[in-house]
Amino acid sequence: MSFLSGFFAKKEGSVLGVDIGSSSLKVVQLRKERDQAILETYGELALGPYSGGEVGQATNLSAEQITETLKDLLREAKVTTKDCGVSIPYSRSLLTLAKLPYRENAQEQKTVIEFEARKYIPVPASEVQLDWFIVPDAGPAGPGDTPAKGEPAGGKKVEVLVVAVHNDELAFLQNVVTGAGLSASFYEIEIFSTIRAVVEEPVKPVMVLDIGAASTKTYIVERGIVALSHAIPIGSQDITRAISVSNNISIARAETLKKNEGMAHGDADTSPPELVFSRIFSEARRVLSQYETSHRKSITSIVLTGGGGVTKELGVYAKGFFSIDVRVADPFAKTAAPAFMRPVLETIGPEFAVAVGLALRKLGET
Ligand SMILES: Nc1ncnc2c1ncn2[C@@H]1O[C@H](COP(=O)(O)OP(=O)(O)OP(=O)(O)O)[C@@H](O)[C@H]1O
Ligand SMILES: [Mg+2]
């Protein structure tokens with residue numbers, strides 16, 4: 001089982017991306033026609049109300065509850081295929097970049113990596129599924145390529161991205177998929193789905209901010225490869241809660257206000273959206289600076305994605321905050337859809353980035 005990328009048997013027809021987020025389920029159905037990804041349907045269902053909570057809030061539901069919700073969503077969105085790819089939450093996975101000894105022989109290299117990779121995963125080997133990927137050489141060694149502290153100099157190294165997912169998490173997802181009558185050919189850590197859907201820059205490092213309900217995921221992507229990832233435990237639900245408290249209104253009402261007003265909500269110096277985003281962005285900026293310093297190169301742009309990325313005027317605020325190029329993700333741009341739908345797809349796009357990325361990979365299998 002590969003969490004990175006893969007190609008399976010040829011198949012015809014429609015495919016589905018299924019994103020099980022902490023606050024909502026999203027599906028995107030695509031079909032390939034003359035090398036074009038055609039958008040057939042998409043849909044989202046908030047999980048909050050299924051757990052006695054509100055729309056937009058993170059949940060912790062059982063596999064059975066998620067299965068029931070997913071069935072509802074498949075029906076409501078009129079999904080017509082069972083063939084899908086499914087996301088693994090970043091929070092349930094482990095990613096490490098490791099510099100491991102280089103071997104000329106491919107089989108030997110594989111053995112070395114699989115042996116050494118275990119040392120980077122702080123759980124027993126029997127409890128996780130491991131996968132790895134050799135990061136292509138960036139060309140001539142730069143100043144950043146000197147051995148890290150404590151690492152012996154000399155001896156050629158390869159850079160390897162090691163990923164691990166707990167068996168329990170995979171069993172959980174497989175339960176949901178089978179229960180909902182779907183058939184998944186792969187489970188992919190959401191980071192890779194997001195990158196496929198939103199990153200256009202082929203060479204220079206880009207920072208992706210996936211602003212979810214409970215947390216914000218920061219990825220630095222260089223030459224299409226994840227160079228760094230980090231989770232910030234603050235998300236869009238924190239804005240809703242802050243609005244609810246400061247205005248003394250219900251969570252549901254605060255959620256509506258947040259969506260309607262975005263960054264314009266509240267007074268300039270006590271605006272809950274600004275307070276929360278300034279905390280998220282401060283931490284993201286630390287991650288960014290750290291990367292820039294240790295790799296001696298600059299990050300050229302930031303892509304905002306996730307439901308929080310839909311926040312009105314967030315792009316403008318982010319541009320001011322980071323003083324570099326900021327773009328709000330538009331994953332549906334990679335799909336063909338009727339022109340009249342474009343404005344809507346552009347607006348809601350960031351929420352569906354993971355599901356689009358999954359469906360795009362699945363299309364590659366056909
Ligand atoms: N138009 C909007 N304006 C502001 N916030 C929004 C808007 N639409 C959705 N959100 C917020 O985005 C959050 C959901 O984002 P998303 O769907 O990416 O999260 P998730 O995938 O369920 O969570 P996670 O990725 O943390 O598991 C919710 O808190 C919701 O209130
Ligand atoms: Mg998400």
# chains A, B, ... in the order shown; residues from 1 in each chain; ligands from 1

call {"tool": "residues_near_ligand", "arguments": {"ligand": "ligand 2", "cutoff": "10 Å", "atoms": "only C-alpha atoms and all ligand atoms", "output": "ChimeraX atom specification"}}
result
/A:19-26,87-90,190-191,194,210-217,305-308,350-355

call {"tool": "atom_distance", "arguments": {"atom1": "CA of Gly85 (chain A)", "atom2": "atom 28 (C, counted along the ligand's line) of ligand 1"}}
result
22.8 Å

call {"tool": "residues_around", "arguments": {"residues": "Lys258 (chain A)", "least_positions_apart": "6", "cutoff": "8 Å", "atoms": "only C-alpha atoms", "output": "list in words"}}
result
Ile239, Thr240, Ile243, His265, Pro273 and Thr311 of chain A

call {"tool": "select_by_dssp", "arguments": {"residues": "region 32-171 of chain A", "states": "alpha helix (DSSP H)", "output": "PyMOL selection string"}}
result
chain A and resi 63-76+106-117+167-171

call {"tool": "write_last_selection", "arguments": {"atoms": "N, CA and C atoms", "output": "tab-separated table (two decimals), in the first residue's frame"}}
result
chain	number	residue	atom	x	y	z
A	63	ALA	N	-16.50	5.37	13.80
A	63	ALA	CA	-16.52	4.94	12.40
A	63	ALA	C	-17.96	4.76	11.93
A	64	GLU	N	-18.82	4.24	12.81
A	64	GLU	CA	-20.22	4.00	12.43
A	64	GLU	C	-20.93	5.31	12.12
A	65	GLN	N	-20.69	6.33	12.98
A	65	GLN	CA	-21.36	7.63	12.75
A	65	GLN	C	-20.86	8.27	11.46
A	66	ILE	N	-19.57	8.16	11.21
A	66	ILE	CA	-19.03	8.75	9.99
A	66	ILE	C	-19.56	8.01	8.76
A	67	THR	N	-19.66	6.70	8.89
A	67	THR	CA	-20.21	5.90	7.77
A	67	THR	C	-21.62	6.36	7.41
A	68	GLU	N	-22.45	6.55	8.43
A	68	GLU	CA	-23.84	6.97	8.17
A	68	GLU	C	-23.86	8.34	7.48
A	69	THR	N	-23.02	9.26	7.97
A	69	THR	CA	-22.97	10.59	7.38
A	69	THR	C	-22.49	10.51	5.93
A	70	LEU	N	-21.49	9.67	5.70
A	70	LEU	CA	-20.95	9.53	4.34
A	70	LEU	C	-22.02	8.98	3.40
A	71	LYS	N	-22.80	8.04	3.88
A	71	LYS	CA	-23.89	7.50	3.06
A	71	LYS	C	-24.87	8.61	2.68
A	72	ASP	N	-25.21	9.44	3.66
A	72	ASP	CA	-26.12	10.57	3.41
A	72	ASP	C	-25.53	11.48	2.33
A	73	LEU	N	-24.24	11.76	2.49
A	73	LEU	CA	-23.57	12.68	1.55
A	73	LEU	C	-23.55	12.10	0.14
A	74	LEU	N	-23.24	10.81	0.01
A	74	LEU	CA	-23.18	10.18	-1.31
A	74	LEU	C	-24.53	10.27	-2.00
A	75	ARG	N	-25.58	10.13	-1.20
A	75	ARG	CA	-26.94	10.20	-1.74
A	75	ARG	C	-27.25	11.65	-2.16
A	76	GLU	N	-27.00	12.58	-1.24
A	76	GLU	CA	-27.33	13.98	-1.51
A	76	GLU	C	-26.55	14.55	-2.69
A	106	ALA	N	20.09	-0.63	-6.31
A	106	ALA	CA	18.73	-0.23	-5.92
A	106	ALA	C	18.15	-1.14	-4.82
A	107	GLN	N	18.39	-2.44	-4.95
A	107	GLN	CA	17.86	-3.38	-3.96
A	107	GLN	C	18.52	-3.15	-2.60
A	108	GLU	N	19.83	-2.91	-2.63
A	108	GLU	CA	20.56	-2.63	-1.39
A	108	GLU	C	20.05	-1.33	-0.76
A	109	GLN	N	19.81	-0.35	-1.63
A	109	GLN	CA	19.32	0.95	-1.16
A	109	GLN	C	17.99	0.76	-0.43
A	110	LYS	N	17.14	-0.05	-1.01
A	110	LYS	CA	15.82	-0.32	-0.43
A	110	LYS	C	15.98	-0.95	0.97
A	111	THR	N	16.87	-1.93	1.06
A	111	THR	CA	17.09	-2.61	2.33
A	111	THR	C	17.59	-1.63	3.38
A	112	VAL	N	18.57	-0.80	2.99
A	112	VAL	CA	19.12	0.18	3.93
A	112	VAL	C	18.02	1.14	4.40
A	113	ILE	N	17.24	1.64	3.45
A	113	ILE	CA	16.20	2.60	3.82
A	113	ILE	C	15.19	1.96	4.77
A	114	GLU	N	14.74	0.76	4.43
A	114	GLU	CA	13.71	0.14	5.26
A	114	GLU	C	14.22	-0.20	6.65
A	115	PHE	N	15.49	-0.50	6.74
A	115	PHE	CA	16.09	-0.77	8.05
A	115	PHE	C	16.25	0.53	8.85
A	116	GLU	N	16.83	1.54	8.20
A	116	GLU	CA	17.13	2.81	8.88
A	116	GLU	C	15.87	3.61	9.20
A	117	ALA	N	14.88	3.53	8.31
A	117	ALA	CA	13.67	4.34	8.46
A	117	ALA	C	12.97	4.06	9.79
A	167	ASN	N	-1.77	1.58	12.08
A	167	ASN	CA	-2.71	0.55	11.59
A	167	ASN	C	-4.15	0.83	12.02
A	168	ASP	N	-4.33	1.35	13.24
A	168	ASP	CA	-5.68	1.62	13.74
A	168	ASP	C	-6.39	2.64	12.87
A	169	GLU	N	-5.64	3.65	12.42
A	169	GLU	CA	-6.23	4.70	11.59
A	169	GLU	C	-6.68	4.11	10.25
A	170	LEU	N	-5.85	3.25	9.68
A	170	LEU	CA	-6.21	2.63	8.40
A	170	LEU	C	-7.42	1.71	8.56
A	171	ALA	N	-7.46	0.97	9.66
A	171	ALA	CA	-8.59	0.08	9.91
A	171	ALA	C	-9.87	0.91	10.04

call {"tool": "residues_around", "arguments": {"residues": "Ser271 (chain A)", "least_positions_apart": "2", "cutoff": "12 Å", "atoms": "only C-alpha atoms", "output": "ChimeraX atom specification"}}
result
/A:239-240,242-243,246-247,258,261-269,273-278

call {"tool": "write_last_selection", "arguments": {"atoms": "C-alpha atoms", "output": "mmCIF file, in the first residue's frame"}}
result
data_model
loop_
_atom_site.group_PDB
_atom_site.id
_atom_site.type_symbol
_atom_site.label_atom_id
_atom_site.label_comp_id
_atom_site.auth_asym_id
_atom_site.auth_seq_id
_atom_site.Cartn_x
_atom_site.Cartn_y
_atom_site.Cartn_z
ATOM 1 C CA ILE A 239 -12.756 32.355 15.308
ATOM 2 C CA THR A 240 -16.357 31.211 15.626
ATOM 3 C CA ALA A 242 -14.249 34.015 19.816
ATOM 4 C CA ILE A 243 -17.083 35.767 17.950
ATOM 5 C CA SER A 246 -17.321 38.563 22.328
ATOM 6 C CA ASN A 247 -20.852 39.146 21.008
ATOM 7 C CA LYS A 258 -17.923 34.736 10.386
ATOM 8 C CA GLU A 261 -18.307 39.204 7.215
ATOM 9 C CA GLY A 262 -14.923 37.477 7.159
ATOM 10 C CA MET A 263 -12.018 39.720 8.103
ATOM 11 C CA ALA A 264 -14.340 42.740 8.264
ATOM 12 C CA HIS A 265 -16.006 41.404 11.408
ATOM 13 C CA GLY A 266 -15.466 43.390 14.621
ATOM 14 C CA ASP A 267 -13.489 46.541 15.418
ATOM 15 C CA ALA A 268 -10.059 47.003 13.949
ATOM 16 C CA ASP A 269 -8.147 46.306 17.170
ATOM 17 C CA PRO A 273 -10.835 36.908 12.908
ATOM 18 C CA GLU A 274 -7.764 39.136 12.994
ATOM 19 C CA LEU A 275 -6.715 38.037 16.473
ATOM 20 C CA VAL A 276 -6.952 34.362 15.565
ATOM 21 C CA PHE A 277 -5.307 34.712 12.158
ATOM 22 C CA SER A 278 -2.490 36.796 13.587
#

call {"tool": "decode", "arguments": {"residues": "region 190-228 of chain A", "atoms": "N, CA and C atoms", "output": "PDB file, in the first residue's frame"}}
result
ATOM      1  N   GLU A 190      -3.313  13.475   3.605  1.00  0.00           N
ATOM      2  CA  GLU A 190      -3.953  14.631   2.966  1.00  0.00           C
ATOM      3  C   GLU A 190      -2.974  15.655   2.404  1.00  0.00           C
ATOM      4  N   ILE A 191      -1.804  15.731   2.981  1.00  0.00           N
ATOM      5  CA  ILE A 191      -0.784  16.673   2.533  1.00  0.00           C
ATOM      6  C   ILE A 191      -0.488  16.489   1.034  1.00  0.00           C
ATOM      7  N   PHE A 192      -0.409  15.224   0.588  1.00  0.00           N
ATOM      8  CA  PHE A 192      -0.064  14.965  -0.812  1.00  0.00           C
ATOM      9  C   PHE A 192      -1.241  15.292  -1.734  1.00  0.00           C
ATOM     10  N   SER A 193      -2.458  15.056  -1.253  1.00  0.00           N
ATOM     11  CA  SER A 193      -3.646  15.395  -2.040  1.00  0.00           C
ATOM     12  C   SER A 193      -3.716  16.909  -2.218  1.00  0.00           C
ATOM     13  N   THR A 194      -3.496  17.633  -1.128  1.00  0.00           N
ATOM     14  CA  THR A 194      -3.558  19.096  -1.175  1.00  0.00           C
ATOM     15  C   THR A 194      -2.534  19.650  -2.157  1.00  0.00           C
ATOM     16  N   ILE A 195      -1.313  19.150  -2.055  1.00  0.00           N
ATOM     17  CA  ILE A 195      -0.252  19.651  -2.930  1.00  0.00           C
ATOM     18  C   ILE A 195      -0.607  19.422  -4.399  1.00  0.00           C
ATOM     19  N   ARG A 196      -1.121  18.229  -4.710  1.00  0.00           N
ATOM     20  CA  ARG A 196      -1.496  17.919  -6.093  1.00  0.00           C
ATOM     21  C   ARG A 196      -2.544  18.903  -6.589  1.00  0.00           C
ATOM     22  N   ALA A 197      -3.440  19.306  -5.696  1.00  0.00           N
ATOM     23  CA  ALA A 197      -4.559  20.158  -6.112  1.00  0.00           C
ATOM     24  C   ALA A 197      -4.228  21.643  -6.141  1.00  0.00           C
ATOM     25  N   VAL A 198      -3.259  22.085  -5.344  1.00  0.00           N
ATOM     26  CA  VAL A 198      -3.093  23.546  -5.215  1.00  0.00           C
ATOM     27  C   VAL A 198      -1.726  24.130  -5.568  1.00  0.00           C
ATOM     28  N   VAL A 199      -0.692  23.303  -5.652  1.00  0.00           N
ATOM     29  CA  VAL A 199       0.631  23.891  -5.902  1.00  0.00           C
ATOM     30  C   VAL A 199       0.973  23.860  -7.387  1.00  0.00           C
ATOM     31  N   GLU A 200       1.261  25.040  -7.947  1.00  0.00           N
ATOM     32  CA  GLU A 200       1.589  25.148  -9.369  1.00  0.00           C
ATOM     33  C   GLU A 200       3.089  25.337  -9.577  1.00  0.00           C
ATOM     34  N   GLU A 201       3.732  25.998  -8.619  1.00  0.00           N
ATOM     35  CA  GLU A 201       5.149  26.353  -8.759  1.00  0.00           C
ATOM     36  C   GLU A 201       6.011  25.086  -8.828  1.00  0.00           C
ATOM     37  N   PRO A 202       6.715  24.857  -9.963  1.00  0.00           N
ATOM     38  CA  PRO A 202       7.458  23.610 -10.113  1.00  0.00           C
ATOM     39  C   PRO A 202       8.819  23.583  -9.416  1.00  0.00           C
ATOM     40  N   VAL A 203       9.393  24.739  -9.154  1.00  0.00           N
ATOM     41  CA  VAL A 203      10.765  24.750  -8.655  1.00  0.00           C
ATOM     42  C   VAL A 203      10.917  25.388  -7.277  1.00  0.00           C
ATOM     43  N   LYS A 204      10.537  26.648  -7.194  1.00  0.00           N
ATOM     44  CA  LYS A 204      10.829  27.426  -5.980  1.00  0.00           C
ATOM     45  C   LYS A 204       9.966  26.981  -4.799  1.00  0.00           C
ATOM     46  N   PRO A 205      10.514  27.147  -3.574  1.00  0.00           N
ATOM     47  CA  PRO A 205       9.727  26.734  -2.411  1.00  0.00           C
ATOM     48  C   PRO A 205       8.481  27.602  -2.195  1.00  0.00           C
ATOM     49  N   VAL A 206       7.392  26.921  -1.864  1.00  0.00           N
ATOM     50  CA  VAL A 206       6.098  27.563  -1.646  1.00  0.00           C
ATOM     51  C   VAL A 206       5.587  27.088  -0.295  1.00  0.00           C
ATOM     52  N   MET A 207       4.904  27.959   0.433  1.00  0.00           N
ATOM     53  CA  MET A 207       4.300  27.509   1.684  1.00  0.00           C
ATOM     54  C   MET A 207       2.790  27.376   1.502  1.00  0.00           C
ATOM     55  N   VAL A 208       2.260  26.217   1.909  1.00  0.00           N
ATOM     56  CA  VAL A 208       0.822  25.987   1.835  1.00  0.00           C
ATOM     57  C   VAL A 208       0.270  26.041   3.253  1.00  0.00           C
ATOM     58  N   LEU A 209      -0.813  26.792   3.440  1.00  0.00           N
ATOM     59  CA  LEU A 209      -1.478  26.828   4.740  1.00  0.00           C
ATOM     60  C   LEU A 209      -2.871  26.238   4.587  1.00  0.00           C
ATOM     61  N   ASP A 210      -3.085  25.049   5.135  1.00  0.00           N
ATOM     62  CA  ASP A 210      -4.407  24.420   5.097  1.00  0.00           C
ATOM     63  C   ASP A 210      -5.096  24.751   6.416  1.00  0.00           C
ATOM     64  N   ILE A 211      -6.008  25.733   6.340  1.00  0.00           N
ATOM     65  CA  ILE A 211      -6.683  26.207   7.551  1.00  0.00           C
ATOM     66  C   ILE A 211      -7.971  25.418   7.742  1.00  0.00           C
ATOM     67  N   GLY A 212      -7.930  24.438   8.612  1.00  0.00           N
ATOM     68  CA  GLY A 212      -9.090  23.590   8.874  1.00  0.00           C
ATOM     69  C   GLY A 212      -9.896  24.124  10.039  1.00  0.00           C
ATOM     70  N   ALA A 213     -10.768  23.286  10.572  1.00  0.00           N
ATOM     71  CA  ALA A 213     -11.620  23.700  11.677  1.00  0.00           C
ATOM     72  C   ALA A 213     -10.814  23.736  12.979  1.00  0.00           C
ATOM     73  N   ALA A 214     -10.086  22.655  13.263  1.00  0.00           N
ATOM     74  CA  ALA A 214      -9.404  22.547  14.544  1.00  0.00           C
ATOM     75  C   ALA A 214      -7.941  22.959  14.481  1.00  0.00           C
ATOM     76  N   SER A 215      -7.338  22.789  13.301  1.00  0.00           N
ATOM     77  CA  SER A 215      -5.918  23.090  13.207  1.00  0.00           C
ATOM     78  C   SER A 215      -5.566  23.635  11.836  1.00  0.00           C
ATOM     79  N   THR A 216      -4.372  24.207  11.776  1.00  0.00           N
ATOM     80  CA  THR A 216      -3.843  24.711  10.509  1.00  0.00           C
ATOM     81  C   THR A 216      -2.595  23.920  10.182  1.00  0.00           C
ATOM     82  N   LYS A 217      -2.564  23.355   9.000  1.00  0.00           N
ATOM     83  CA  LYS A 217      -1.407  22.577   8.585  1.00  0.00           C
ATOM     84  C   LYS A 217      -0.520  23.447   7.698  1.00  0.00           C
ATOM     85  N   THR A 218       0.767  23.479   8.020  1.00  0.00           N
ATOM     86  CA  THR A 218       1.733  24.255   7.242  1.00  0.00           C
ATOM     87  C   THR A 218       2.621  23.295   6.475  1.00  0.00           C
ATOM     88  N   TYR A 219       2.682  23.443   5.175  1.00  0.00           N
ATOM     89  CA  TYR A 219       3.579  22.609   4.371  1.00  0.00           C
ATOM     90  C   TYR A 219       4.508  23.503   3.585  1.00  0.00           C
ATOM     91  N   ILE A 220       5.785  23.152   3.532  1.00  0.00           N
ATOM     92  CA  ILE A 220       6.673  23.834   2.602  1.00  0.00           C
ATOM     93  C   ILE A 220       6.990  22.832   1.498  1.00  0.00           C
ATOM     94  N   VAL A 221       6.670  23.240   0.275  1.00  0.00           N
ATOM     95  CA  VAL A 221       6.800  22.354  -0.876  1.00  0.00           C
ATOM     96  C   VAL A 221       7.853  22.914  -1.805  1.00  0.00           C
ATOM     97  N   GLU A 222       8.841  22.096  -2.130  1.00  0.00           N
ATOM     98  CA  GLU A 222       9.886  22.541  -3.035  1.00  0.00           C
ATOM     99  C   GLU A 222      10.060  21.491  -4.115  1.00  0.00           C
ATOM    100  N   ARG A 223      10.065  21.878  -5.367  1.00  0.00           N
ATOM    101  CA  ARG A 223      10.134  20.957  -6.498  1.00  0.00           C
ATOM    102  C   ARG A 223       9.093  19.845  -6.345  1.00  0.00           C
ATOM    103  N   GLY A 224       7.911  20.221  -5.871  1.00  0.00           N
ATOM    104  CA  GLY A 224       6.822  19.266  -5.761  1.00  0.00           C
ATOM    105  C   GLY A 224       6.927  18.324  -4.572  1.00  0.00           C
ATOM    106  N   ILE A 225       7.951  18.516  -3.754  1.00  0.00           N
ATOM    107  CA  ILE A 225       8.178  17.594  -2.649  1.00  0.00           C
ATOM    108  C   ILE A 225       8.030  18.319  -1.308  1.00  0.00           C
ATOM    109  N   VAL A 226       7.456  17.632  -0.334  1.00  0.00           N
ATOM    110  CA  VAL A 226       7.273  18.232   0.979  1.00  0.00           C
ATOM    111  C   VAL A 226       8.618  18.340   1.677  1.00  0.00           C
ATOM    112  N   ALA A 227       9.080  19.558   1.869  1.00  0.00           N
ATOM    113  CA  ALA A 227      10.372  19.745   2.519  1.00  0.00           C
ATOM    114  C   ALA A 227      10.189  19.887   4.023  1.00  0.00           C
ATOM    115  N   LEU A 228       8.994  20.292   4.441  1.00  0.00           N
ATOM    116  CA  LEU A 228       8.757  20.517   5.861  1.00  0.00           C
ATOM    117  C   LEU A 228       7.241  20.524   6.096  1.00  0.00           C
TER     118      LEU A 228
END
